$ cat upload10.cif   # mmCIF, C-alpha atoms and all ligand atoms
data_start
loop_
_atom_site.label_atom_id
_atom_site.label_comp_id
_atom_site.auth_asym_id
_atom_site.auth_seq_id
_atom_site.Cartn_x
_atom_site.Cartn_y
_atom_site.Cartn_z
CA MET A 1 34.52 3.66 60.55
CA GLN A 2 36.65 0.77 59.29
CA THR A 3 40.15 1.04 60.68
CA SER A 4 41.56 -1.24 57.96
CA LEU A 5 41.05 1.44 55.32
CA ARG A 6 44.11 3.41 54.38
CA LYS A 7 43.45 7.08 53.97
CA GLU A 8 45.08 9.50 51.62
CA LYS A 9 44.24 13.16 52.23
CA GLU A 10 40.47 13.45 51.65
CA PHE A 11 40.28 10.11 49.89
CA GLU A 12 39.30 6.77 51.33
CA ILE A 13 41.22 3.97 49.64
CA SER A 14 39.23 0.88 48.71
CA PRO A 15 40.37 -2.17 50.72
CA ASP A 16 39.78 -4.34 47.64
CA PHE A 17 41.99 -4.21 44.58
CA ILE A 18 39.98 -3.53 41.42
CA PRO A 19 41.90 -5.45 38.78
CA PHE A 20 42.37 -4.21 35.25
CA HIS A 21 40.55 -7.27 33.97
CA LYS A 22 38.98 -10.47 35.26
CA ALA A 23 37.59 -13.19 33.00
CA TRP A 24 34.08 -14.53 33.66
CA PHE A 25 33.32 -18.24 33.27
CA GLY A 26 30.27 -20.13 34.47
CA PRO A 27 29.03 -23.71 34.77
CA GLU A 28 28.58 -23.85 30.98
CA GLU A 29 32.33 -23.55 30.36
CA GLU A 30 33.16 -25.84 33.31
CA ASN A 31 30.82 -28.60 32.10
CA GLU A 32 32.03 -28.33 28.51
CA ILE A 33 35.67 -28.63 29.58
CA LEU A 34 34.83 -31.72 31.64
CA ASP A 35 32.94 -33.20 28.71
CA THR A 36 35.97 -32.63 26.46
CA LEU A 37 38.39 -34.17 28.96
CA ARG A 38 36.12 -37.18 29.45
CA SER A 39 35.71 -37.64 25.70
CA GLY A 40 39.40 -38.54 25.45
CA TRP A 41 39.90 -36.17 22.46
CA ILE A 42 41.34 -32.84 23.50
CA THR A 43 43.03 -31.33 20.46
CA THR A 44 41.41 -29.94 17.29
CA GLY A 45 38.17 -31.79 16.70
CA PRO A 46 34.39 -31.42 16.74
CA LYS A 47 34.26 -28.60 19.28
CA THR A 48 36.76 -26.46 17.39
CA LYS A 49 34.80 -27.06 14.20
CA LYS A 50 31.55 -26.10 15.92
CA PHE A 51 33.10 -22.91 17.24
CA GLU A 52 34.38 -22.04 13.77
CA GLU A 53 30.86 -22.38 12.41
CA ASP A 54 29.34 -20.34 15.26
CA PHE A 55 31.93 -17.56 14.96
CA LYS A 56 31.62 -17.44 11.18
CA ASN A 57 27.86 -16.96 11.54
CA TYR A 58 28.30 -14.37 14.29
CA CYS A 59 30.68 -12.38 12.09
CA GLN A 60 28.66 -12.93 8.90
CA ALA A 61 31.87 -14.02 7.21
CA LYS A 62 32.22 -16.51 4.36
CA HIS A 63 34.76 -18.66 6.20
CA CYS A 64 36.36 -18.82 9.63
CA VAL A 65 39.47 -20.63 10.85
CA ALA A 66 39.87 -21.05 14.62
CA LEU A 67 43.47 -20.56 15.72
CA ASN A 68 45.60 -20.36 18.83
CA SER A 69 46.02 -16.55 18.74
CA CYS A 70 45.30 -13.37 16.85
CA THR A 71 49.02 -13.17 16.16
CA ALA A 72 48.72 -16.50 14.32
CA ALA A 73 45.70 -15.18 12.41
CA LEU A 74 47.60 -12.08 11.27
CA HIS A 75 50.64 -14.14 10.31
CA LEU A 76 48.52 -16.54 8.26
CA ALA A 77 46.66 -13.67 6.60
CA TYR A 78 49.88 -12.05 5.40
CA ALA A 79 51.43 -15.40 4.45
CA ALA A 80 48.36 -16.43 2.44
CA LEU A 81 48.54 -13.12 0.57
CA GLY A 82 52.13 -13.94 -0.32
CA VAL A 83 53.68 -11.09 1.68
CA GLY A 84 57.44 -11.47 1.56
CA PRO A 85 60.82 -9.73 1.32
CA GLY A 86 60.63 -6.33 -0.36
CA ASP A 87 56.93 -5.88 0.42
CA GLU A 88 55.43 -3.21 2.64
CA VAL A 89 52.52 -3.53 5.04
CA ILE A 90 50.90 -0.22 6.05
CA THR A 91 49.46 -0.04 9.55
CA THR A 92 49.05 2.20 12.58
CA PRO A 93 51.79 2.81 15.14
CA MET A 94 49.09 2.73 17.88
CA THR A 95 48.84 -1.03 18.01
CA PHE A 96 50.20 -4.06 19.77
CA ALA A 97 53.50 -5.32 18.40
CA ALA A 98 51.96 -8.45 16.85
CA THR A 99 50.30 -6.49 14.02
CA ALA A 100 53.68 -5.48 12.66
CA ASN A 101 55.95 -8.24 14.04
CA VAL A 102 54.39 -10.89 11.81
CA ALA A 103 55.09 -8.79 8.71
CA VAL A 104 58.73 -8.65 9.84
CA HIS A 105 58.76 -12.46 10.22
CA LEU A 106 57.85 -12.73 6.54
CA GLY A 107 60.62 -10.33 5.51
CA ALA A 108 58.32 -7.40 4.82
CA LYS A 109 58.63 -3.85 6.13
CA PRO A 110 55.96 -2.40 8.42
CA VAL A 111 55.21 1.12 7.22
CA PHE A 112 53.34 3.24 9.73
CA ALA A 113 50.71 5.86 8.95
CA ASP A 114 49.62 8.44 11.54
CA ILE A 115 46.29 8.35 13.35
CA MET A 116 43.21 10.55 13.76
CA PRO A 117 43.41 12.44 17.06
CA GLU A 118 39.71 11.98 17.95
CA THR A 119 39.55 8.18 17.76
CA LEU A 120 43.25 7.17 17.60
CA ASN A 121 42.41 5.01 14.56
CA ILE A 122 44.59 5.07 11.44
CA HIS A 123 43.97 8.11 9.21
CA PRO A 124 43.00 7.20 5.63
CA ALA A 125 44.73 10.33 4.25
CA GLU A 126 47.96 9.27 6.00
CA ILE A 127 47.66 5.80 4.45
CA GLU A 128 47.49 7.40 1.01
CA LYS A 129 50.75 9.27 1.66
CA LYS A 130 52.53 6.00 2.49
CA LEU A 131 51.46 3.95 -0.54
CA THR A 132 54.30 2.82 -2.81
CA ALA A 133 54.71 0.21 -5.53
CA LYS A 134 55.82 -2.15 -2.74
CA THR A 135 52.61 -1.89 -0.67
CA ARG A 136 50.96 -5.32 -0.45
CA VAL A 137 48.58 -4.94 2.48
CA ILE A 138 46.85 -2.24 4.51
CA THR A 139 46.10 -3.45 8.03
CA ALA A 140 43.36 -1.54 9.84
CA VAL A 141 43.47 -1.97 13.62
CA HIS A 142 40.17 -1.14 15.34
CA TYR A 143 41.65 0.72 18.29
CA VAL A 144 40.06 -0.29 21.63
CA GLY A 145 37.10 -1.65 19.64
CA GLN A 146 36.01 1.24 17.43
CA PRO A 147 35.96 0.39 13.70
CA CYS A 148 38.34 2.32 11.44
CA LYS A 149 37.02 4.28 8.45
CA MET A 150 36.62 1.12 6.40
CA ASP A 151 34.89 2.67 3.36
CA GLU A 152 37.80 5.05 2.79
CA ILE A 153 40.42 2.37 3.52
CA SER A 154 38.73 -0.21 1.26
CA GLU A 155 38.53 2.35 -1.56
CA ILE A 156 42.22 3.27 -1.26
CA ALA A 157 43.14 -0.43 -1.30
CA ARG A 158 40.86 -1.20 -4.24
CA SER A 159 42.22 1.65 -6.33
CA LYS A 160 45.80 0.45 -5.76
CA GLY A 161 45.08 -3.29 -5.97
CA VAL A 162 46.30 -4.04 -2.44
CA ALA A 163 44.67 -6.30 0.13
CA VAL A 164 43.00 -5.18 3.36
CA VAL A 165 43.47 -7.11 6.58
CA GLU A 166 41.62 -6.01 9.71
CA ASP A 167 43.15 -6.50 13.13
CA ALA A 168 39.99 -6.89 15.18
CA ALA A 169 41.72 -8.15 18.34
CA HIS A 170 39.68 -5.51 20.20
CA ALA A 171 36.60 -5.55 18.02
CA THR A 172 34.71 -8.85 18.34
CA GLU A 173 31.27 -7.21 18.53
CA ALA A 174 31.97 -4.21 16.33
CA VAL A 175 29.83 -3.15 13.38
CA TYR A 176 30.71 -0.56 10.74
CA LYS A 177 27.82 1.16 8.93
CA GLY A 178 25.58 -1.85 9.48
CA ARG A 179 28.22 -4.36 8.42
CA LYS A 180 29.66 -6.74 11.02
CA ILE A 181 33.42 -6.57 11.47
CA GLY A 182 34.64 -9.82 9.92
CA SER A 183 32.33 -9.53 6.93
CA ILE A 184 33.93 -6.54 5.20
CA SER A 185 37.54 -7.15 4.15
CA ASP A 186 39.55 -9.99 2.65
CA MET A 187 40.54 -11.19 6.11
CA THR A 188 39.90 -10.16 9.71
CA ALA A 189 41.86 -11.40 12.73
CA PHE A 190 40.29 -11.77 16.19
CA SER A 191 41.80 -12.47 19.61
CA PHE A 192 40.50 -14.56 22.49
CA TYR A 193 43.48 -13.78 24.73
CA ALA A 194 42.92 -13.73 28.52
CA THR A 195 41.84 -10.07 28.66
CA LYS A 196 39.72 -9.99 25.51
CA ASN A 197 35.95 -9.58 25.23
CA ILE A 198 35.48 -13.33 24.92
CA THR A 199 38.33 -15.57 25.95
CA CYS A 200 39.83 -19.01 26.25
CA GLY A 201 43.15 -17.85 27.72
CA GLU A 202 44.95 -17.93 24.40
CA GLY A 203 43.06 -18.15 21.12
CA GLY A 204 42.15 -16.41 17.91
CA ALA A 205 40.26 -16.68 14.67
CA LEU A 206 40.66 -15.53 11.10
CA CYS A 207 37.49 -14.64 9.21
CA VAL A 208 38.06 -14.97 5.49
CA ASN A 209 35.93 -13.64 2.64
CA ARG A 210 38.12 -14.90 -0.21
CA ASP A 211 37.19 -18.34 -1.56
CA ASP A 212 40.55 -18.50 -3.34
CA LEU A 213 42.51 -18.26 -0.06
CA ILE A 214 40.63 -20.34 2.47
CA ASP A 215 42.18 -23.74 1.65
CA LYS A 216 45.67 -22.27 1.68
CA ILE A 217 45.03 -20.65 5.06
CA ARG A 218 43.77 -23.87 6.62
CA ILE A 219 46.74 -25.79 5.24
CA LEU A 220 49.32 -23.16 6.26
CA GLY A 221 47.86 -23.12 9.78
CA LEU A 222 48.51 -26.82 10.32
CA HIS A 223 52.08 -27.59 9.23
CA GLY A 224 51.22 -27.21 5.54
CA MET A 225 49.52 -30.63 5.64
CA SER A 226 46.97 -31.41 2.95
CA LYS A 227 43.33 -30.61 3.53
CA ASP A 228 41.45 -31.92 6.55
CA ALA A 229 44.55 -33.50 8.04
CA TRP A 230 43.03 -32.81 11.46
CA LYS A 231 40.65 -35.69 10.71
CA ARG A 232 43.51 -38.14 10.21
CA TYR A 233 42.80 -40.02 13.45
CA SER A 234 39.04 -40.28 12.89
CA LYS A 235 37.33 -43.58 12.12
CA ASP A 236 36.02 -42.33 8.74
CA GLU A 237 38.86 -43.29 6.48
CA PHE A 238 42.60 -43.83 6.54
CA LYS A 239 44.42 -41.16 4.58
CA HIS A 240 48.04 -40.13 4.15
CA TYR A 241 48.69 -36.44 4.33
CA GLU A 242 51.08 -34.53 2.12
CA ILE A 243 53.10 -31.44 3.03
CA LEU A 244 52.17 -28.71 0.58
CA TYR A 245 53.90 -25.73 2.25
CA PRO A 246 56.28 -25.33 5.19
CA GLY A 247 53.34 -24.35 7.40
CA TYR A 248 52.84 -23.34 11.01
CA LYS A 249 51.29 -24.94 14.10
CA TYR A 250 48.47 -22.52 14.72
CA ASN A 251 45.39 -24.70 15.28
CA MET A 252 42.90 -24.02 18.07
CA PHE A 253 42.13 -27.18 20.04
CA ASP A 254 38.97 -28.50 21.68
CA ILE A 255 39.86 -27.44 25.23
CA GLN A 256 40.10 -23.83 24.05
CA ALA A 257 36.93 -24.22 21.96
CA SER A 258 35.08 -25.58 25.02
CA LEU A 259 35.58 -22.22 26.71
CA VAL A 260 35.19 -19.79 23.85
CA MET A 261 32.08 -21.43 22.36
CA HIS A 262 30.18 -20.57 25.56
CA GLN A 263 31.78 -17.17 25.87
CA LEU A 264 30.38 -16.43 22.40
CA LYS A 265 26.86 -17.12 23.65
CA LYS A 266 27.36 -14.42 26.29
CA VAL A 267 29.09 -11.92 24.01
CA GLU A 268 26.22 -9.42 23.78
CA GLN A 269 25.39 -9.67 27.49
CA PHE A 270 29.04 -8.90 28.31
CA TRP A 271 28.96 -6.03 25.79
CA GLU A 272 25.88 -4.45 27.43
CA LEU A 273 27.64 -4.43 30.81
CA ARG A 274 30.84 -2.90 29.42
CA LYS A 275 28.83 -0.27 27.54
CA ARG A 276 27.10 0.71 30.75
CA TYR A 277 30.49 1.24 32.45
CA VAL A 278 31.94 3.13 29.48
CA ASP A 279 28.92 5.48 29.51
CA LYS A 280 29.49 6.08 33.22
CA TYR A 281 33.19 6.86 32.70
CA ASN A 282 32.45 9.18 29.77
CA GLU A 283 29.71 11.02 31.62
CA ALA A 284 31.97 11.55 34.64
CA PHE A 285 35.00 12.69 32.64
CA LYS A 286 33.27 14.99 30.17
CA ASP A 287 33.60 17.99 32.48
CA ILE A 288 37.19 17.31 33.58
CA GLU A 289 39.29 19.46 31.27
CA GLN A 290 42.49 17.53 32.03
CA ILE A 291 40.98 14.37 30.48
CA LYS A 292 40.20 13.94 26.80
CA THR A 293 37.76 11.12 26.12
CA LEU A 294 37.79 9.38 22.76
CA LYS A 295 35.09 10.24 20.24
CA ILE A 296 32.64 7.51 19.32
CA MET A 297 31.60 7.83 15.69
CA PRO A 298 27.85 7.80 14.97
CA ASP A 299 27.96 5.14 12.25
CA VAL A 300 29.57 2.31 14.26
CA LYS A 301 28.89 -0.18 16.97
CA HIS A 302 31.92 0.15 19.24
CA SER A 303 32.90 -3.07 20.94
CA TYR A 304 34.02 -1.25 24.12
CA HIS A 305 36.99 -3.54 24.63
CA LEU A 306 39.05 -1.05 26.64
CA TYR A 307 38.29 2.17 28.43
CA THR A 308 41.10 4.39 27.22
CA ALA A 309 41.30 8.18 27.57
CA LEU A 310 44.00 10.82 27.20
CA LEU A 311 45.48 12.54 30.21
CA LYS A 312 46.39 16.11 29.24
CA THR A 313 49.70 16.08 31.04
CA GLU A 314 50.41 19.67 29.92
CA MET A 315 47.73 20.66 32.46
CA LEU A 316 49.12 18.48 35.27
CA LYS A 317 52.10 18.56 37.63
CA CYS A 318 52.76 14.84 37.12
CA THR A 319 53.62 12.57 34.22
CA ARG A 320 51.22 9.98 32.80
CA ASP A 321 53.25 7.18 34.38
CA GLU A 322 53.25 8.87 37.79
CA PHE A 323 49.48 9.25 37.51
CA LEU A 324 49.15 5.53 36.76
CA SER A 325 51.39 4.58 39.69
CA GLU A 326 49.21 6.71 41.95
CA LEU A 327 46.10 4.94 40.69
CA GLN A 328 47.74 1.62 41.47
CA LYS A 329 48.48 2.83 45.00
CA LEU A 330 44.76 3.53 45.27
CA ASN A 331 44.18 -0.17 44.53
CA ILE A 332 43.25 0.12 40.86
CA GLY A 333 44.71 -1.96 38.01
CA VAL A 334 45.73 0.14 35.01
CA SER A 335 47.40 -0.23 31.63
CA VAL A 336 48.70 1.68 28.59
CA HIS A 337 47.49 0.96 25.05
CA PHE A 338 49.96 1.58 23.54
CA ILE A 339 53.45 3.03 23.47
CA ALA A 340 53.56 3.84 19.74
CA LEU A 341 55.33 1.03 17.95
CA HIS A 342 57.80 3.22 16.04
CA LEU A 343 59.27 4.37 19.37
CA HIS A 344 60.23 0.82 20.45
CA PRO A 345 63.93 -0.04 20.11
CA PHE A 346 63.48 -2.72 17.43
CA TYR A 347 61.37 -0.56 15.09
CA ARG A 348 63.51 2.50 15.75
CA ASP A 349 66.78 0.68 15.05
CA ALA A 350 65.70 -1.64 12.24
CA TYR A 351 63.80 0.94 10.16
CA GLY A 352 65.10 4.30 11.39
CA TYR A 353 61.79 5.47 12.82
CA LYS A 354 62.13 8.28 15.34
CA ARG A 355 60.16 10.63 17.55
CA GLY A 356 58.64 13.31 15.34
CA ASP A 357 57.61 10.88 12.57
CA PHE A 358 53.98 10.47 13.70
CA PRO A 359 52.95 13.46 15.84
CA ASN A 360 49.36 12.39 16.54
CA ALA A 361 50.42 8.89 17.59
CA GLU A 362 53.16 10.34 19.79
CA TYR A 363 50.77 12.78 21.48
CA ALA A 364 48.46 9.85 22.26
CA SER A 365 51.23 7.44 23.16
CA ASP A 366 52.49 9.87 25.83
CA ARG A 367 49.05 10.41 27.35
CA VAL A 368 46.81 7.34 27.04
CA ILE A 369 45.62 5.57 30.16
CA SER A 370 43.40 2.49 30.27
CA LEU A 371 41.12 1.97 33.28
CA PRO A 372 39.43 -1.25 34.46
CA LEU A 373 36.66 -2.43 32.14
CA PHE A 374 35.18 -5.91 32.30
CA PRO A 375 31.64 -7.27 32.69
CA ARG A 376 32.29 -8.76 36.12
CA MET A 377 32.93 -5.36 37.70
CA ASN A 378 30.00 -3.41 39.07
CA ASP A 379 28.72 0.16 39.29
CA LYS A 380 30.43 0.67 42.64
CA ASP A 381 33.81 -0.34 41.17
CA VAL A 382 33.38 2.13 38.30
CA GLU A 383 32.33 4.87 40.69
CA TYR A 384 35.38 4.18 42.84
CA VAL A 385 37.71 4.40 39.82
CA ILE A 386 36.04 7.65 38.75
CA SER A 387 36.44 9.16 42.22
CA ALA A 388 40.10 8.09 42.35
CA VAL A 389 40.79 9.70 38.97
CA ALA A 390 38.98 12.89 40.01
CA HIS A 391 40.92 12.94 43.29
CA LEU A 392 44.28 12.66 41.50
CA ILE A 393 43.33 15.29 38.94
CA LYS A 394 42.51 17.66 41.81
CA LYS A 395 45.78 16.77 43.54
CA TYR A 396 47.99 17.30 40.46
CA LYS A 397 46.26 19.96 38.39
CA LYS A 398 48.37 23.03 37.55
C1 LIG B 401 45.65 -4.81 18.46
C2 LIG B 401 46.14 -6.20 18.79
N1 LIG B 401 46.48 -7.02 17.78
C3 LIG B 401 46.93 -8.27 18.01
C4 LIG B 401 47.03 -8.77 19.28
C5 LIG B 401 47.55 -10.15 19.49
O1 LIG B 401 46.57 -10.99 20.03
P1 LIG B 401 46.95 -12.44 20.57
O2 LIG B 401 47.49 -12.27 21.95
O3 LIG B 401 45.65 -13.20 20.55
O4 LIG B 401 47.93 -13.02 19.65
C6 LIG B 401 46.67 -7.96 20.37
C7 LIG B 401 46.79 -8.49 21.73
O5 LIG B 401 46.60 -7.86 22.72
C8 LIG B 401 46.22 -6.64 20.12
O6 LIG B 401 45.89 -5.82 21.13
#

$ encode --input "upload10.cif" --output "structure tokens" --more "lines below"
Ligand SMILES: Cc1ncc(COP(=O)(O)O)c(C=O)c1O
Amino acid sequence: MQTSLRKEKEFEISPDFIPFHKAWFGPEEENEILDTLRSGWITTGPKTKKFEEDFKNYCQAKHCVALNSCTAALHLAYAALGVGPGDEVITTPMTFAATANVAVHLGAKPVFADIMPETLNIHPAEIEKKLTAKTRVITAVHYVGQPCKMDEISEIARSKGVAVVEDAAHATEAVYKGRKIGSISDMTAFSFYATKNITCGEGGALCVNRDDLIDKIRILGLHGMSKDAWKRYSKDEFKHYEILYPGYKYNMFDIQASLVMHQLKKVEQFWELRKRYVDKYNEAFKDIEQIKTLKIMPDVKHSYHLYTALLKTEMLKCTRDEFLSELQKLNIGVSVHFIALHLHPFYRDAYGYKRGDFPNAEYASDRVISLPLFPRMNDKDVEYVISAVAHLIKKYKK
């Protein structure tokens, strides 16, 4: 028996830390980066443009703009729609701050609508209750990679003449009723942040299906400079640029594109591996009454970005956070997605949101745990995490 292993009563602790996430790059990314460095052109250029084309085709969107984050994509989407002071943007409280922060930057008010308890996605009926004459946008966030009820949301938006933006930071591979996420709404924002399904450290893209907005989005994303200003150092022609709007500096550059263009080629292979681990987690947890797994709807392709489940703390002698600390002591990386946004000090103080406003989101916010899920882990890692969770449930059950 290995003496290096720490032992907790009846549980052998893994000597190796299983991280929450680990990115996976191969020789393809390494060679492409070297090629970019050696080319002498490292900012936005041919590789970014190639990635835009590849991602547009993958998402079956009309247009795609490669950017330096999903936050930038969301900001540009709202800005291009003319969101401004006095406007309201309806979204879920179970999201990352960026979804709502960028509306605040433009002077608009984020209005939250409660979620469905089975999937933790925004509830269309709750959206309807929040519509006012000031609503400009409904932002659907595909929680942990499962598409929202887009037919219902699109219909509500259409009947009220408001735009739909999708926050698909978690949902690169997702499909809703046979339609690829990115091809459905006016605009869809994607993330290639370090922990995302495909990554370049920091990065994002905005898929756009509105011909009337695409030029404005490209211009706004690069200082407000007139079209194709990124080509201004090429040998083709000398051209002055003009500033058409006070834009932002949101362009993806070729070093990022060198990574993410190869990640995109592996996207389905990575997905298969994550699905296999999600199935294993779900199978193991289905008979543990203290854990509620999230429902996967029959009419979607889930992108399995995160493995998130609810810990029924009412059946345990510990809090969610204590449970997570214990998992960390057992050498497992964990996370929480998310503490509901309306409970954060800024949203509470600036808009008067309070506990009690969104009961389903609060129930979830108090109980969600996210366990390691990434293609580079293996069956043994998943089995270890499962056994650690089962061990702690046994230790703390009432
Ligand atoms: C739901 C959601 N939206 C937006 C973002 C922002 O993505 P980025 O870091 O690429 O700006 C994240 C990041 O984790 C997210 O989880």

$ closest_residue --input "upload10.cif" --among "A:Thr44, A:Asn209, A:Asn360, A:Thr188" --to "ligand LIG 401 (chain B)" --atoms "only C-alpha atoms and all ligand atoms"
A:Thr188

$ residues_near_point --input "upload10.cif" --point "(32.0, 1.6, 38.8)" --cutoff "12 Å" --atoms "only C-alpha atoms" --output "PyMOL selection string"
chain A and resi 18+273-282+284+332+371-389

$ write_last_selection --input "upload10.cif" --atoms "C-alpha atoms" --output "PDB file, in the coordinates of the input"
ATOM      1  CA  ILE A  18      39.980  -3.530  41.420  1.00  0.00           C
ATOM      2  CA  LEU A 273      27.640  -4.430  30.810  1.00  0.00           C
ATOM      3  CA  ARG A 274      30.840  -2.900  29.420  1.00  0.00           C
ATOM      4  CA  LYS A 275      28.830  -0.270  27.540  1.00  0.00           C
ATOM      5  CA  ARG A 276      27.100   0.710  30.750  1.00  0.00           C
ATOM      6  CA  TYR A 277      30.490   1.240  32.450  1.00  0.00           C
ATOM      7  CA  VAL A 278      31.940   3.130  29.480  1.00  0.00           C
ATOM      8  CA  ASP A 279      28.920   5.480  29.510  1.00  0.00           C
ATOM      9  CA  LYS A 280      29.490   6.080  33.220  1.00  0.00           C
ATOM     10  CA  TYR A 281      33.190   6.860  32.700  1.00  0.00           C
ATOM     11  CA  ASN A 282      32.450   9.180  29.770  1.00  0.00           C
ATOM     12  CA  ALA A 284      31.970  11.550  34.640  1.00  0.00           C
ATOM     13  CA  ILE A 332      43.250   0.120  40.860  1.00  0.00           C
ATOM     14  CA  LEU A 371      41.120   1.970  33.280  1.00  0.00           C
ATOM     15  CA  PRO A 372      39.430  -1.250  34.460  1.00  0.00           C
ATOM     16  CA  LEU A 373      36.660  -2.430  32.140  1.00  0.00           C
ATOM     17  CA  PHE A 374      35.180  -5.910  32.300  1.00  0.00           C
ATOM     18  CA  PRO A 375      31.640  -7.270  32.690  1.00  0.00           C
ATOM     19  CA  ARG A 376      32.290  -8.760  36.120  1.00  0.00           C
ATOM     20  CA  MET A 377      32.930  -5.360  37.700  1.00  0.00           C
ATOM     21  CA  ASN A 378      30.000  -3.410  39.070  1.00  0.00           C
ATOM     22  CA  ASP A 379      28.720   0.160  39.290  1.00  0.00           C
ATOM     23  CA  LYS A 380      30.430   0.670  42.640  1.00  0.00           C
ATOM     24  CA  ASP A 381      33.810  -0.340  41.170  1.00  0.00           C
ATOM     25  CA  VAL A 382      33.380   2.130  38.300  1.00  0.00           C
ATOM     26  CA  GLU A 383      32.330   4.870  40.690  1.00  0.00           C
ATOM     27  CA  TYR A 384      35.380   4.180  42.840  1.00  0.00           C
ATOM     28  CA  VAL A 385      37.710   4.400  39.820  1.00  0.00           C
ATOM     29  CA  ILE A 386      36.040   7.650  38.750  1.00  0.00           C
ATOM     30  CA  SER A 387      36.440   9.160  42.220  1.00  0.00           C
ATOM     31  CA  ALA A 388      40.100   8.090  42.350  1.00  0.00           C
ATOM     32  CA  VAL A 389      40.790   9.700  38.970  1.00  0.00           C
TER      33      VAL A 389
END

$ residues_near_ligand --input "upload10.cif" --ligand "ligand LIG 401 (chain B)" --cutoff "7 Å" --atoms "only C-alpha atoms and all ligand atoms" --output "PDB file with C-alpha atoms, keeping the file's coordinate frame"
ATOM      1  CA  SER A  69      46.020 -16.550  18.740  1.00  0.00           C
ATOM      2  CA  CYS A  70      45.300 -13.370  16.850  1.00  0.00           C
ATOM      3  CA  THR A  71      49.020 -13.170  16.160  1.00  0.00           C
ATOM      4  CA  ALA A  72      48.720 -16.500  14.320  1.00  0.00           C
ATOM      5  CA  THR A  95      48.840  -1.030  18.010  1.00  0.00           C
ATOM      6  CA  PHE A  96      50.200  -4.060  19.770  1.00  0.00           C
ATOM      7  CA  ALA A  98      51.960  -8.450  16.850  1.00  0.00           C
ATOM      8  CA  THR A  99      50.300  -6.490  14.020  1.00  0.00           C
ATOM      9  CA  VAL A 141      43.470  -1.970  13.620  1.00  0.00           C
ATOM     10  CA  TYR A 143      41.650   0.720  18.290  1.00  0.00           C
ATOM     11  CA  ASP A 167      43.150  -6.500  13.130  1.00  0.00           C
ATOM     12  CA  ALA A 168      39.990  -6.890  15.180  1.00  0.00           C
ATOM     13  CA  ALA A 169      41.720  -8.150  18.340  1.00  0.00           C
ATOM     14  CA  HIS A 170      39.680  -5.510  20.200  1.00  0.00           C
ATOM     15  CA  SER A 191      41.800 -12.470  19.610  1.00  0.00           C
ATOM     16  CA  PHE A 192      40.500 -14.560  22.490  1.00  0.00           C
ATOM     17  CA  TYR A 193      43.480 -13.780  24.730  1.00  0.00           C
ATOM     18  CA  GLU A 202      44.950 -17.930  24.400  1.00  0.00           C
ATOM     19  CA  GLY A 203      43.060 -18.150  21.120  1.00  0.00           C
ATOM     20  CA  GLY A 204      42.150 -16.410  17.910  1.00  0.00           C
TER      21      GLY A 204
END

$ atom_distance --input "upload10.cif" --atom1 "atom CA of A:Ser226" --atom2 "atom CA of A:Gly82"
18.5 Å

$ atom_distance --input "upload10.cif" --atom1 "atom CA of A:Tyr307" --atom2 "atom CA of A:Arg367"
13.6 Å

$ residues_around --input "upload10.cif" --residues "A:Asp151" --least-positions-apart "3" --cutoff "10 Å" --atoms "all atoms listed in the file" --output "CSV table (one decimal) with C-alpha atoms, in the frame of the given file"
chain,number,residue,atom,x,y,z
A,124,PRO,CA,43.0,7.2,5.6
A,148,CYS,CA,38.3,2.3,11.4
A,154,SER,CA,38.7,-0.2,1.3
A,155,GLU,CA,38.5,2.4,-1.6
A,156,ILE,CA,42.2,3.3,-1.3
A,157,ALA,CA,43.1,-0.4,-1.3
A,176,TYR,CA,30.7,-0.6,10.7
A,177,LYS,CA,27.8,1.2,8.9
A,184,ILE,CA,33.9,-6.5,5.2

$ residues_around --input "upload10.cif" --residues "stretch 46-49 of chain A" --least-positions-apart "3" --cutoff "7 Å" --atoms "only C-alpha atoms" --output "list in words"
Glu52, Glu53, Ala66, Met252, Phe253, Asp254, Ala257 and Ser258 of chain A
